[in-house]
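For reference, my_file.txt (compact mmCIF, N, CA and C atoms):
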```txt
# COMPACT_ATOMS: atom_id res chain seq x y z
N MET R 1370 0.82 -1.20 0.00
CA MET R 1370 0.00 0.00 0.00
C MET R 1370 0.85 1.26 0.00
N ASP R 1371 2.04 1.19 0.60
CA ASP R 1371 2.91 2.37 0.61
C ASP R 1371 3.25 2.83 -0.80
N ALA R 1372 3.31 1.89 -1.74
CA ALA R 1372 3.60 2.22 -3.13
C ALA R 1372 2.33 2.58 -3.90
N GLY R 1373 1.20 2.58 -3.22
CA GLY R 1373 -0.06 2.92 -3.87
C GLY R 1373 -0.69 1.77 -4.61
N GLU R 1374 -0.24 0.56 -4.35
CA GLU R 1374 -0.78 -0.63 -5.00
C GLU R 1374 -1.64 -1.41 -4.01
N ILE R 1375 -2.65 -2.06 -4.52
CA ILE R 1375 -3.53 -2.86 -3.68
C ILE R 1375 -4.08 -4.01 -4.52
N PRO R 1376 -4.09 -5.22 -3.96
CA PRO R 1376 -4.72 -6.34 -4.67
C PRO R 1376 -6.21 -6.40 -4.33
N HIS R 1377 -6.93 -7.29 -4.98
CA HIS R 1377 -8.28 -7.60 -4.54
C HIS R 1377 -8.14 -8.32 -3.21
N LEU R 1378 -8.99 -7.99 -2.25
CA LEU R 1378 -8.86 -8.54 -0.90
C LEU R 1378 -10.15 -9.23 -0.45
N LEU R 1379 -9.98 -10.28 0.35
CA LEU R 1379 -11.10 -10.98 0.97
C LEU R 1379 -10.76 -11.20 2.43
N PHE R 1380 -11.56 -10.59 3.32
CA PHE R 1380 -11.38 -10.76 4.76
C PHE R 1380 -12.54 -11.61 5.28
N TYR R 1381 -12.22 -12.62 6.09
CA TYR R 1381 -13.28 -13.48 6.59
C TYR R 1381 -13.00 -13.94 8.02
N SER R 1382 -14.08 -14.22 8.73
CA SER R 1382 -14.04 -14.76 10.07
C SER R 1382 -15.45 -15.18 10.45
N LEU R 1383 -15.57 -16.29 11.15
CA LEU R 1383 -16.88 -16.71 11.64
C LEU R 1383 -17.38 -15.80 12.74
N SER R 1384 -16.46 -15.16 13.44
CA SER R 1384 -16.82 -14.31 14.58
C SER R 1384 -17.10 -12.88 14.13
N PRO R 1385 -18.25 -12.33 14.53
CA PRO R 1385 -18.48 -10.91 14.27
C PRO R 1385 -17.60 -10.07 15.20
N GLY R 1386 -17.32 -8.85 14.79
CA GLY R 1386 -16.56 -7.94 15.64
C GLY R 1386 -15.06 -8.12 15.59
N THR R 1387 -14.55 -8.82 14.58
CA THR R 1387 -13.10 -9.03 14.49
C THR R 1387 -12.39 -7.91 13.74
N GLY R 1388 -13.14 -7.00 13.14
CA GLY R 1388 -12.52 -5.86 12.47
C GLY R 1388 -12.44 -5.95 10.96
N LYS R 1389 -13.14 -6.90 10.35
CA LYS R 1389 -13.09 -7.06 8.90
C LYS R 1389 -13.57 -5.80 8.18
N THR R 1390 -14.75 -5.33 8.55
CA THR R 1390 -15.33 -4.15 7.92
C THR R 1390 -14.49 -2.91 8.23
N THR R 1391 -14.06 -2.78 9.46
CA THR R 1391 -13.24 -1.63 9.85
C THR R 1391 -11.94 -1.60 9.05
N LEU R 1392 -11.27 -2.74 8.93
CA LEU R 1392 -10.02 -2.79 8.16
C LEU R 1392 -10.26 -2.43 6.70
N ALA R 1393 -11.32 -2.95 6.12
CA ALA R 1393 -11.64 -2.62 4.73
C ALA R 1393 -11.85 -1.12 4.55
N ARG R 1394 -12.56 -0.50 5.49
CA ARG R 1394 -12.80 0.95 5.40
C ARG R 1394 -11.51 1.75 5.60
N ILE R 1395 -10.66 1.29 6.50
CA ILE R 1395 -9.37 1.97 6.72
C ILE R 1395 -8.53 1.92 5.44
N ILE R 1396 -8.48 0.77 4.82
CA ILE R 1396 -7.71 0.63 3.58
C ILE R 1396 -8.27 1.55 2.50
N ALA R 1397 -9.58 1.51 2.31
CA ALA R 1397 -10.20 2.35 1.28
C ALA R 1397 -9.99 3.84 1.55
N ASN R 1398 -10.07 4.24 2.82
CA ASN R 1398 -9.90 5.66 3.16
C ASN R 1398 -8.45 6.12 3.11
N SER R 1399 -7.51 5.18 3.17
CA SER R 1399 -6.10 5.57 3.16
C SER R 1399 -5.55 5.75 1.75
N LEU R 1400 -6.30 5.34 0.76
CA LEU R 1400 -5.86 5.46 -0.63
C LEU R 1400 -6.55 6.63 -1.30
N ASP R 1401 -5.89 7.17 -2.32
CA ASP R 1401 -6.53 8.20 -3.15
C ASP R 1401 -7.42 7.45 -4.13
N CYS R 1402 -8.70 7.29 -3.78
CA CYS R 1402 -9.58 6.47 -4.60
C CYS R 1402 -11.03 6.90 -4.45
N ASP R 1403 -11.82 6.47 -5.41
CA ASP R 1403 -13.27 6.58 -5.31
C ASP R 1403 -13.77 5.26 -4.76
N VAL R 1404 -14.79 5.29 -3.91
CA VAL R 1404 -15.26 4.08 -3.24
C VAL R 1404 -16.76 3.88 -3.46
N LEU R 1405 -17.12 2.65 -3.81
CA LEU R 1405 -18.50 2.21 -3.83
C LEU R 1405 -18.61 1.18 -2.72
N SER R 1406 -19.46 1.43 -1.75
CA SER R 1406 -19.63 0.54 -0.62
C SER R 1406 -21.04 -0.02 -0.64
N LEU R 1407 -21.14 -1.34 -0.63
CA LEU R 1407 -22.45 -2.01 -0.64
C LEU R 1407 -22.48 -3.08 0.43
N ASN R 1408 -23.63 -3.24 1.05
CA ASN R 1408 -23.84 -4.35 1.96
C ASN R 1408 -24.51 -5.46 1.16
N ALA R 1409 -23.78 -6.53 0.91
CA ALA R 1409 -24.27 -7.59 0.04
C ALA R 1409 -25.41 -8.39 0.66
N SER R 1410 -25.65 -8.24 1.95
CA SER R 1410 -26.82 -8.91 2.51
C SER R 1410 -28.10 -8.21 2.06
N ASP R 1411 -28.01 -6.94 1.66
CA ASP R 1411 -29.15 -6.20 1.12
C ASP R 1411 -29.15 -6.19 -0.41
N ASP R 1412 -27.97 -5.97 -0.99
CA ASP R 1412 -27.80 -5.88 -2.44
C ASP R 1412 -27.00 -7.10 -2.91
N ASN R 1413 -27.69 -8.21 -3.17
CA ASN R 1413 -26.97 -9.45 -3.43
C ASN R 1413 -27.29 -10.12 -4.76
N SER R 1414 -27.91 -9.40 -5.66
CA SER R 1414 -28.38 -10.01 -6.91
C SER R 1414 -27.45 -9.73 -8.08
N VAL R 1415 -27.69 -10.45 -9.17
CA VAL R 1415 -26.97 -10.22 -10.41
C VAL R 1415 -27.19 -8.78 -10.88
N ASP R 1416 -28.42 -8.29 -10.74
CA ASP R 1416 -28.73 -6.93 -11.17
C ASP R 1416 -27.91 -5.89 -10.41
N THR R 1417 -27.67 -6.11 -9.13
CA THR R 1417 -26.83 -5.20 -8.35
C THR R 1417 -25.43 -5.15 -8.92
N ILE R 1418 -24.87 -6.31 -9.23
CA ILE R 1418 -23.51 -6.36 -9.78
C ILE R 1418 -23.47 -5.69 -11.14
N ARG R 1419 -24.43 -5.97 -11.97
CA ARG R 1419 -24.45 -5.40 -13.33
C ARG R 1419 -24.74 -3.90 -13.31
N ASN R 1420 -25.71 -3.48 -12.49
CA ASN R 1420 -26.17 -2.09 -12.54
C ASN R 1420 -25.39 -1.15 -11.64
N LYS R 1421 -24.97 -1.59 -10.49
CA LYS R 1421 -24.24 -0.70 -9.58
C LYS R 1421 -22.73 -0.88 -9.68
N VAL R 1422 -22.28 -2.12 -9.51
CA VAL R 1422 -20.84 -2.38 -9.47
C VAL R 1422 -20.20 -2.16 -10.83
N LYS R 1423 -20.76 -2.76 -11.87
CA LYS R 1423 -20.18 -2.61 -13.21
C LYS R 1423 -20.22 -1.15 -13.68
N ASP R 1424 -21.34 -0.48 -13.45
CA ASP R 1424 -21.44 0.94 -13.83
C ASP R 1424 -20.38 1.77 -13.13
N PHE R 1425 -20.16 1.52 -11.83
CA PHE R 1425 -19.14 2.24 -11.07
C PHE R 1425 -17.75 1.93 -11.63
N ALA R 1426 -17.48 0.67 -11.90
CA ALA R 1426 -16.15 0.25 -12.36
C ALA R 1426 -15.82 0.81 -13.74
N GLN R 1427 -16.80 0.98 -14.59
CA GLN R 1427 -16.50 1.43 -15.95
C GLN R 1427 -16.51 2.94 -16.13
N THR R 1428 -16.91 3.69 -15.12
CA THR R 1428 -16.89 5.15 -15.26
C THR R 1428 -15.47 5.69 -15.05
N ALA R 1429 -15.20 6.80 -15.66
CA ALA R 1429 -13.89 7.44 -15.55
C ALA R 1429 -13.72 8.07 -14.16
N SER R 1430 -12.48 8.15 -13.73
CA SER R 1430 -12.18 8.71 -12.42
C SER R 1430 -10.88 9.49 -12.49
N PHE R 1431 -10.74 10.51 -11.65
CA PHE R 1431 -9.48 11.24 -11.55
C PHE R 1431 -8.53 10.57 -10.57
N ALA R 1432 -9.04 9.68 -9.75
CA ALA R 1432 -8.22 8.97 -8.78
C ALA R 1432 -7.52 7.80 -9.47
N LYS R 1433 -6.42 7.35 -8.87
CA LYS R 1433 -5.69 6.21 -9.44
C LYS R 1433 -6.54 4.95 -9.39
N TRP R 1434 -7.24 4.74 -8.29
CA TRP R 1434 -8.02 3.54 -8.09
C TRP R 1434 -9.48 3.85 -7.81
N LYS R 1435 -10.29 2.88 -8.11
CA LYS R 1435 -11.66 2.82 -7.62
C LYS R 1435 -11.74 1.55 -6.78
N ILE R 1436 -12.38 1.66 -5.63
CA ILE R 1436 -12.53 0.53 -4.74
C ILE R 1436 -14.00 0.17 -4.65
N VAL R 1437 -14.32 -1.11 -4.86
CA VAL R 1437 -15.65 -1.63 -4.61
C VAL R 1437 -15.55 -2.44 -3.34
N PHE R 1438 -16.25 -2.01 -2.30
CA PHE R 1438 -16.27 -2.69 -1.02
C PHE R 1438 -17.60 -3.40 -0.87
N LEU R 1439 -17.56 -4.72 -0.85
CA LEU R 1439 -18.76 -5.54 -0.67
C LEU R 1439 -18.70 -6.20 0.70
N ASP R 1440 -19.43 -5.62 1.64
CA ASP R 1440 -19.50 -6.17 2.99
C ASP R 1440 -20.51 -7.32 2.98
N GLU R 1441 -20.21 -8.36 3.73
CA GLU R 1441 -21.07 -9.54 3.81
C GLU R 1441 -21.26 -10.19 2.44
N ALA R 1442 -20.15 -10.35 1.73
CA ALA R 1442 -20.17 -10.89 0.36
C ALA R 1442 -20.65 -12.34 0.31
N ASP R 1443 -20.67 -13.03 1.44
CA ASP R 1443 -21.16 -14.40 1.44
C ASP R 1443 -22.67 -14.47 1.18
N TYR R 1444 -23.35 -13.34 1.18
CA TYR R 1444 -24.77 -13.30 0.85
C TYR R 1444 -25.02 -13.14 -0.66
N LEU R 1445 -23.97 -12.90 -1.45
CA LEU R 1445 -24.14 -12.81 -2.89
C LEU R 1445 -24.57 -14.17 -3.44
N THR R 1446 -25.52 -14.16 -4.35
CA THR R 1446 -25.94 -15.42 -4.97
C THR R 1446 -24.79 -15.97 -5.81
N PRO R 1447 -24.77 -17.27 -6.07
CA PRO R 1447 -23.72 -17.83 -6.94
C PRO R 1447 -23.67 -17.15 -8.32
N ASN R 1448 -24.82 -16.84 -8.88
CA ASN R 1448 -24.83 -16.15 -10.18
C ASN R 1448 -24.23 -14.75 -10.06
N ALA R 1449 -24.55 -14.05 -8.99
CA ALA R 1449 -23.97 -12.72 -8.78
C ALA R 1449 -22.46 -12.82 -8.61
N GLN R 1450 -21.98 -13.85 -7.92
CA GLN R 1450 -20.54 -14.04 -7.76
C GLN R 1450 -19.86 -14.31 -9.10
N SER R 1451 -20.53 -15.04 -9.96
CA SER R 1451 -19.98 -15.30 -11.30
C SER R 1451 -19.86 -14.02 -12.11
N VAL R 1452 -20.89 -13.20 -12.06
CA VAL R 1452 -20.86 -11.91 -12.77
C VAL R 1452 -19.78 -11.01 -12.14
N LEU R 1453 -19.69 -11.02 -10.82
CA LEU R 1453 -18.67 -10.22 -10.13
C LEU R 1453 -17.27 -10.64 -10.57
N ARG R 1454 -17.03 -11.93 -10.69
CA ARG R 1454 -15.72 -12.42 -11.14
C ARG R 1454 -15.37 -11.83 -12.50
N ASN R 1455 -16.32 -11.82 -13.41
CA ASN R 1455 -16.08 -11.25 -14.74
C ASN R 1455 -15.81 -9.75 -14.67
N VAL R 1456 -16.54 -9.05 -13.82
CA VAL R 1456 -16.32 -7.60 -13.65
C VAL R 1456 -14.92 -7.36 -13.07
N MET R 1457 -14.52 -8.17 -12.10
CA MET R 1457 -13.19 -8.04 -11.51
C MET R 1457 -12.10 -8.20 -12.57
N GLU R 1458 -12.26 -9.18 -13.44
CA GLU R 1458 -11.28 -9.42 -14.50
C GLU R 1458 -11.26 -8.28 -15.51
N THR R 1459 -12.42 -7.83 -15.90
CA THR R 1459 -12.52 -6.81 -16.95
C THR R 1459 -11.96 -5.46 -16.51
N TYR R 1460 -12.19 -5.07 -15.27
CA TYR R 1460 -11.83 -3.74 -14.82
C TYR R 1460 -10.68 -3.73 -13.82
N SER R 1461 -9.86 -4.77 -13.82
CA SER R 1461 -8.78 -4.88 -12.83
C SER R 1461 -7.68 -3.83 -13.01
N ALA R 1462 -7.60 -3.19 -14.14
CA ALA R 1462 -6.59 -2.15 -14.34
C ALA R 1462 -6.89 -0.89 -13.53
N THR R 1463 -8.16 -0.66 -13.21
CA THR R 1463 -8.53 0.58 -12.52
C THR R 1463 -9.31 0.37 -11.23
N THR R 1464 -9.84 -0.83 -11.04
CA THR R 1464 -10.75 -1.06 -9.91
C THR R 1464 -10.27 -2.23 -9.08
N ARG R 1465 -10.29 -2.04 -7.76
CA ARG R 1465 -9.96 -3.11 -6.82
C ARG R 1465 -11.20 -3.43 -5.99
N PHE R 1466 -11.28 -4.67 -5.57
CA PHE R 1466 -12.43 -5.15 -4.84
C PHE R 1466 -12.00 -5.63 -3.46
N ILE R 1467 -12.74 -5.19 -2.44
CA ILE R 1467 -12.53 -5.66 -1.08
C ILE R 1467 -13.82 -6.31 -0.63
N LEU R 1468 -13.74 -7.59 -0.28
CA LEU R 1468 -14.90 -8.34 0.16
C LEU R 1468 -14.70 -8.78 1.60
N THR R 1469 -15.77 -8.74 2.38
CA THR R 1469 -15.74 -9.30 3.72
C THR R 1469 -16.85 -10.33 3.83
N CYS R 1470 -16.63 -11.33 4.67
CA CYS R 1470 -17.66 -12.34 4.88
C CYS R 1470 -17.42 -13.09 6.17
N ASN R 1471 -18.45 -13.75 6.65
CA ASN R 1471 -18.35 -14.64 7.80
C ASN R 1471 -18.11 -16.07 7.36
N TYR R 1472 -18.74 -16.49 6.29
CA TYR R 1472 -18.68 -17.88 5.83
C TYR R 1472 -17.93 -17.94 4.50
N VAL R 1473 -16.62 -18.11 4.57
CA VAL R 1473 -15.78 -18.08 3.38
C VAL R 1473 -16.10 -19.22 2.43
N ASP R 1474 -16.67 -20.32 2.95
CA ASP R 1474 -17.02 -21.44 2.09
C ASP R 1474 -18.21 -21.11 1.17
N LYS R 1475 -18.90 -20.01 1.42
CA LYS R 1475 -19.99 -19.57 0.54
C LYS R 1475 -19.48 -18.70 -0.61
N ILE R 1476 -18.21 -18.36 -0.57
CA ILE R 1476 -17.59 -17.61 -1.68
C ILE R 1476 -17.06 -18.64 -2.67
N THR R 1477 -17.44 -18.52 -3.93
CA THR R 1477 -17.04 -19.51 -4.93
C THR R 1477 -15.52 -19.51 -5.12
N ASP R 1478 -14.98 -20.67 -5.45
CA ASP R 1478 -13.53 -20.80 -5.65
C ASP R 1478 -12.99 -19.85 -6.73
N PRO R 1479 -13.69 -19.69 -7.87
CA PRO R 1479 -13.17 -18.75 -8.87
C PRO R 1479 -13.07 -17.31 -8.35
N LEU R 1480 -14.01 -16.91 -7.50
CA LEU R 1480 -13.96 -15.56 -6.93
C LEU R 1480 -12.85 -15.48 -5.89
N ARG R 1481 -12.74 -16.48 -5.05
CA ARG R 1481 -11.67 -16.49 -4.03
C ARG R 1481 -10.29 -16.47 -4.67
N SER R 1482 -10.13 -17.15 -5.80
CA SER R 1482 -8.81 -17.23 -6.43
C SER R 1482 -8.33 -15.89 -6.96
N ARG R 1483 -9.21 -14.94 -7.11
CA ARG R 1483 -8.84 -13.62 -7.60
C ARG R 1483 -8.50 -12.65 -6.47
N CYS R 1484 -8.64 -13.10 -5.24
CA CYS R 1484 -8.40 -12.26 -4.06
C CYS R 1484 -7.26 -12.80 -3.22
N ARG R 1485 -6.59 -11.91 -2.56
CA ARG R 1485 -5.73 -12.32 -1.46
C ARG R 1485 -6.65 -12.43 -0.27
N ASP R 1486 -6.65 -13.59 0.36
CA ASP R 1486 -7.58 -13.73 1.47
C ASP R 1486 -6.85 -13.82 2.80
N LYS R 1487 -7.55 -13.29 3.80
CA LYS R 1487 -7.00 -13.26 5.15
C LYS R 1487 -8.12 -13.56 6.13
N GLY R 1488 -7.96 -14.65 6.85
CA GLY R 1488 -8.93 -14.99 7.88
C GLY R 1488 -8.52 -14.38 9.20
N PHE R 1489 -9.50 -14.09 10.03
CA PHE R 1489 -9.27 -13.52 11.35
C PHE R 1489 -9.72 -14.53 12.39
N GLU R 1490 -8.90 -14.80 13.34
CA GLU R 1490 -9.23 -15.72 14.42
C GLU R 1490 -9.21 -14.96 15.74
N ILE R 1491 -10.11 -15.33 16.64
CA ILE R 1491 -10.12 -14.75 17.99
C ILE R 1491 -9.70 -15.85 18.95
N TYR R 1492 -8.72 -15.58 19.77
CA TYR R 1492 -8.23 -16.56 20.74
C TYR R 1492 -8.56 -16.12 22.13
```
Can you give me the file's structure in the form of structure tokens?
Amino acid sequence: MDAGEIPHLLFYSLSPGTGKTTLARIIANSLDCDVLSLNASDDNSVDTIRNKVKDFAQTASFAKWKIVFLDEADYLTPNAQSVLRNVMETYSATTRFILTCNYVDKITDPLRSRCRDKGFEIY
């Protein structure tokens, strides 16, 4: 991040309150970027990905990066995750994706493979 680079990220933990959402917001706020933040438990359909996420990713920006933050991404339908994977591939030159979830096994393997993932454990 010091060099202004960021990969697609996936933060997960079964336990609420571990800081997944907070960390994602800190990362997004620390970069010179435009941010689209969605709660995927409310906006979890293919139409959301096509109409909100894709539209945001394809618009021009003066910032180096655009960040799409999908909180509770484990609520995305499998079809929405498939469309999201394609959007991630198509717009990866300008847009980065940060996903958080409680149940990482609900995130499809193709989507997970495009993210650096980090689980949080509470001891």
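Nearest to R:Asp1411 of all the residues R:Asn1448, R:Lys1389, R:Asp1440, R:Ile1476 is R:Asp1440, counting all atoms listed in the file.
Distances to R:Val1473 were evaluated for R:Asp1443, R:Gln1450, R:Gly1388, R:Thr1417 using only N, CA and C atoms, and the minimum falls at R:Asp1443.
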### Query
Using only C-alpha atoms, can you list as a VMD selection string the residues within 8 Å of (-20.8, -2.2, -7.3)?
chain R and resid 1405 to 1407 1417 to 1426 1437 to 1439
Write the residues of the selection above to a file with N, CA and C atoms, as a PDB file, in the frame of the given file.
```
ATOM      1  N   LEU R1405     -17.120   2.650  -3.810  1.00  0.00           N
ATOM      2  CA  LEU R1405     -18.500   2.210  -3.830  1.00  0.00           C
ATOM      3  C   LEU R1405     -18.610   1.180  -2.720  1.00  0.00           C
ATOM      4  N   SER R1406     -19.460   1.430  -1.750  1.00  0.00           N
ATOM      5  CA  SER R1406     -19.630   0.540  -0.620  1.00  0.00           C
ATOM      6  C   SER R1406     -21.040  -0.020  -0.640  1.00  0.00           C
ATOM      7  N   LEU R1407     -21.140  -1.340  -0.630  1.00  0.00           N
ATOM      8  CA  LEU R1407     -22.450  -2.010  -0.640  1.00  0.00           C
ATOM      9  C   LEU R1407     -22.480  -3.080   0.430  1.00  0.00           C
ATOM     10  N   THR R1417     -27.670  -6.110  -9.130  1.00  0.00           N
ATOM     11  CA  THR R1417     -26.830  -5.200  -8.350  1.00  0.00           C
ATOM     12  C   THR R1417     -25.430  -5.150  -8.920  1.00  0.00           C
ATOM     13  N   ILE R1418     -24.870  -6.310  -9.230  1.00  0.00           N
ATOM     14  CA  ILE R1418     -23.510  -6.360  -9.780  1.00  0.00           C
ATOM     15  C   ILE R1418     -23.470  -5.690 -11.140  1.00  0.00           C
ATOM     16  N   ARG R1419     -24.430  -5.970 -11.970  1.00  0.00           N
ATOM     17  CA  ARG R1419     -24.450  -5.400 -13.330  1.00  0.00           C
ATOM     18  C   ARG R1419     -24.740  -3.900 -13.310  1.00  0.00           C
ATOM     19  N   ASN R1420     -25.710  -3.480 -12.490  1.00  0.00           N
ATOM     20  CA  ASN R1420     -26.170  -2.090 -12.540  1.00  0.00           C
ATOM     21  C   ASN R1420     -25.390  -1.150 -11.640  1.00  0.00           C
ATOM     22  N   LYS R1421     -24.970  -1.590 -10.490  1.00  0.00           N
ATOM     23  CA  LYS R1421     -24.240  -0.700  -9.580  1.00  0.00           C
ATOM     24  C   LYS R1421     -22.730  -0.880  -9.680  1.00  0.00           C
ATOM     25  N   VAL R1422     -22.280  -2.120  -9.510  1.00  0.00           N
ATOM     26  CA  VAL R1422     -20.840  -2.380  -9.470  1.00  0.00           C
ATOM     27  C   VAL R1422     -20.200  -2.160 -10.830  1.00  0.00           C
ATOM     28  N   LYS R1423     -20.760  -2.760 -11.870  1.00  0.00           N
ATOM     29  CA  LYS R1423     -20.180  -2.610 -13.210  1.00  0.00           C
ATOM     30  C   LYS R1423     -20.220  -1.150 -13.680  1.00  0.00           C
ATOM     31  N   ASP R1424     -21.340  -0.480 -13.450  1.00  0.00           N
ATOM     32  CA  ASP R1424     -21.440   0.940 -13.830  1.00  0.00           C
ATOM     33  C   ASP R1424     -20.380   1.770 -13.130  1.00  0.00           C
ATOM     34  N   PHE R1425     -20.160   1.520 -11.830  1.00  0.00           N
ATOM     35  CA  PHE R1425     -19.140   2.240 -11.070  1.00  0.00           C
ATOM     36  C   PHE R1425     -17.750   1.930 -11.630  1.00  0.00           C
ATOM     37  N   ALA R1426     -17.480   0.670 -11.900  1.00  0.00           N
ATOM     38  CA  ALA R1426     -16.150   0.250 -12.360  1.00  0.00           C
ATOM     39  C   ALA R1426     -15.820   0.810 -13.740  1.00  0.00           C
ATOM     40  N   VAL R1437     -14.320  -1.110  -4.860  1.00  0.00           N
ATOM     41  CA  VAL R1437     -15.650  -1.630  -4.610  1.00  0.00           C
ATOM     42  C   VAL R1437     -15.550  -2.440  -3.340  1.00  0.00           C
ATOM     43  N   PHE R1438     -16.250  -2.010  -2.300  1.00  0.00           N
ATOM     44  CA  PHE R1438     -16.270  -2.690  -1.020  1.00  0.00           C
ATOM     45  C   PHE R1438     -17.600  -3.400  -0.870  1.00  0.00           C
ATOM     46  N   LEU R1439     -17.560  -4.720  -0.850  1.00  0.00           N
ATOM     47  CA  LEU R1439     -18.760  -5.540  -0.670  1.00  0.00           C
ATOM     48  C   LEU R1439     -18.700  -6.200   0.700  1.00  0.00           C
TER      49      LEU R1439
END
```
### Message
From a backbone DSSP assignment, name each residue in chain R labelled strand (DSSP E or B), as a ChimeraX atom specification.
### Response
/R:1378-1381,1402-1408,1434-1440,1464-1470,1485-1488
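Across the model, the gap from atom C of R:Leu1480 to atom CA of R:Leu1453 is 8.9 Å.
The smallest atom-to-atom distance between R:Thr1446 and any of R:Cys1484, R:Ala1429, R:Ala1409, R:Ile1375, using all atoms listed in the file, is found for R:Ala1409.
By chain and then residue number, the residues within 8 Å of R:Arg1483 are R:Pro1376, R:His1377, R:Leu1378, R:Leu1379, R:Arg1454, R:Asp1478, counting only N, CA and C atoms and disregarding those fewer than 5 positions away in sequence.
Coordinates place atom C of R:Asn1471 at a distance of 4.6 Å from atom N of R:Leu1383.
Comparing R:Thr1464, R:Thr1469, R:Asn1413, R:Ser1430 by their smallest distance to R:Pro1447, the closest is R:Asn1413 (using only N, CA and C atoms).
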Tell me which protein, DNA and RNA residues are within 7 Å of R:Tyr1460, counting only N, CA and C atoms, leaving out same-chain ones fewer than 5 positions away, and put them as a PDB file with N, CA and C atoms, in the frame of the given file.
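Output file around-v8.pdb follows:
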```pdb
ATOM      1  N   ALA R1426     -17.480   0.670 -11.900  1.00  0.00           N
ATOM      2  CA  ALA R1426     -16.150   0.250 -12.360  1.00  0.00           C
ATOM      3  C   ALA R1426     -15.820   0.810 -13.740  1.00  0.00           C
ATOM      4  N   GLN R1427     -16.800   0.980 -14.590  1.00  0.00           N
ATOM      5  CA  GLN R1427     -16.500   1.430 -15.950  1.00  0.00           C
ATOM      6  C   GLN R1427     -16.510   2.940 -16.130  1.00  0.00           C
ATOM      7  N   ASN R1455     -16.320 -11.820 -13.410  1.00  0.00           N
ATOM      8  CA  ASN R1455     -16.080 -11.250 -14.740  1.00  0.00           C
ATOM      9  C   ASN R1455     -15.810  -9.750 -14.670  1.00  0.00           C
ATOM     10  N   ARG R1465     -10.290  -2.040  -7.760  1.00  0.00           N
ATOM     11  CA  ARG R1465      -9.960  -3.110  -6.820  1.00  0.00           C
ATOM     12  C   ARG R1465     -11.200  -3.430  -5.990  1.00  0.00           C
TER      13      ARG R1465
END
```
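Our summary of the geometry notes that atom C of R:Ser1482 is positioned 15.7 Å from atom CA of R:Ala1462.
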Pull C-alpha atoms for stretch 1438-1466 of chain R from the block and write them as a PDB file, in the first residue's frame.
```pdb
ATOM      1  CA  PHE R1438     -16.269  -2.691  -1.018  1.00  0.00           C
ATOM      2  CA  LEU R1439     -18.761  -5.536  -0.669  1.00  0.00           C
ATOM      3  CA  ASP R1440     -19.503  -6.165   2.989  1.00  0.00           C
ATOM      4  CA  GLU R1441     -21.068  -9.543   3.812  1.00  0.00           C
ATOM      5  CA  ALA R1442     -20.175 -10.894   0.364  1.00  0.00           C
ATOM      6  CA  ASP R1443     -21.164 -14.402   1.440  1.00  0.00           C
ATOM      7  CA  TYR R1444     -24.770 -13.299   0.846  1.00  0.00           C
ATOM      8  CA  LEU R1445     -24.143 -12.814  -2.893  1.00  0.00           C
ATOM      9  CA  THR R1446     -25.936 -15.415  -4.970  1.00  0.00           C
ATOM     10  CA  PRO R1447     -23.722 -17.828  -6.938  1.00  0.00           C
ATOM     11  CA  ASN R1448     -24.831 -16.150 -10.177  1.00  0.00           C
ATOM     12  CA  ALA R1449     -23.971 -12.715  -8.784  1.00  0.00           C
ATOM     13  CA  GLN R1450     -20.542 -14.045  -7.757  1.00  0.00           C
ATOM     14  CA  SER R1451     -19.983 -15.299 -11.298  1.00  0.00           C
ATOM     15  CA  VAL R1452     -20.857 -11.912 -12.768  1.00  0.00           C
ATOM     16  CA  LEU R1453     -18.670 -10.219 -10.132  1.00  0.00           C
ATOM     17  CA  ARG R1454     -15.720 -12.419 -11.144  1.00  0.00           C
ATOM     18  CA  ASN R1455     -16.082 -11.249 -14.743  1.00  0.00           C
ATOM     19  CA  VAL R1456     -16.319  -7.601 -13.649  1.00  0.00           C
ATOM     20  CA  MET R1457     -13.187  -8.039 -11.511  1.00  0.00           C
ATOM     21  CA  GLU R1458     -11.276  -9.420 -14.497  1.00  0.00           C
ATOM     22  CA  THR R1459     -12.518  -6.808 -16.952  1.00  0.00           C
ATOM     23  CA  TYR R1460     -11.826  -3.735 -14.819  1.00  0.00           C
ATOM     24  CA  SER R1461      -8.778  -4.879 -12.833  1.00  0.00           C
ATOM     25  CA  ALA R1462      -6.591  -2.154 -14.337  1.00  0.00           C
ATOM     26  CA  THR R1463      -8.528   0.581 -12.520  1.00  0.00           C
ATOM     27  CA  THR R1464     -10.746  -1.060  -9.908  1.00  0.00           C
ATOM     28  CA  ARG R1465      -9.961  -3.112  -6.825  1.00  0.00           C
ATOM     29  CA  PHE R1466     -12.431  -5.153  -4.836  1.00  0.00           C
TER      30      PHE R1466
END
```
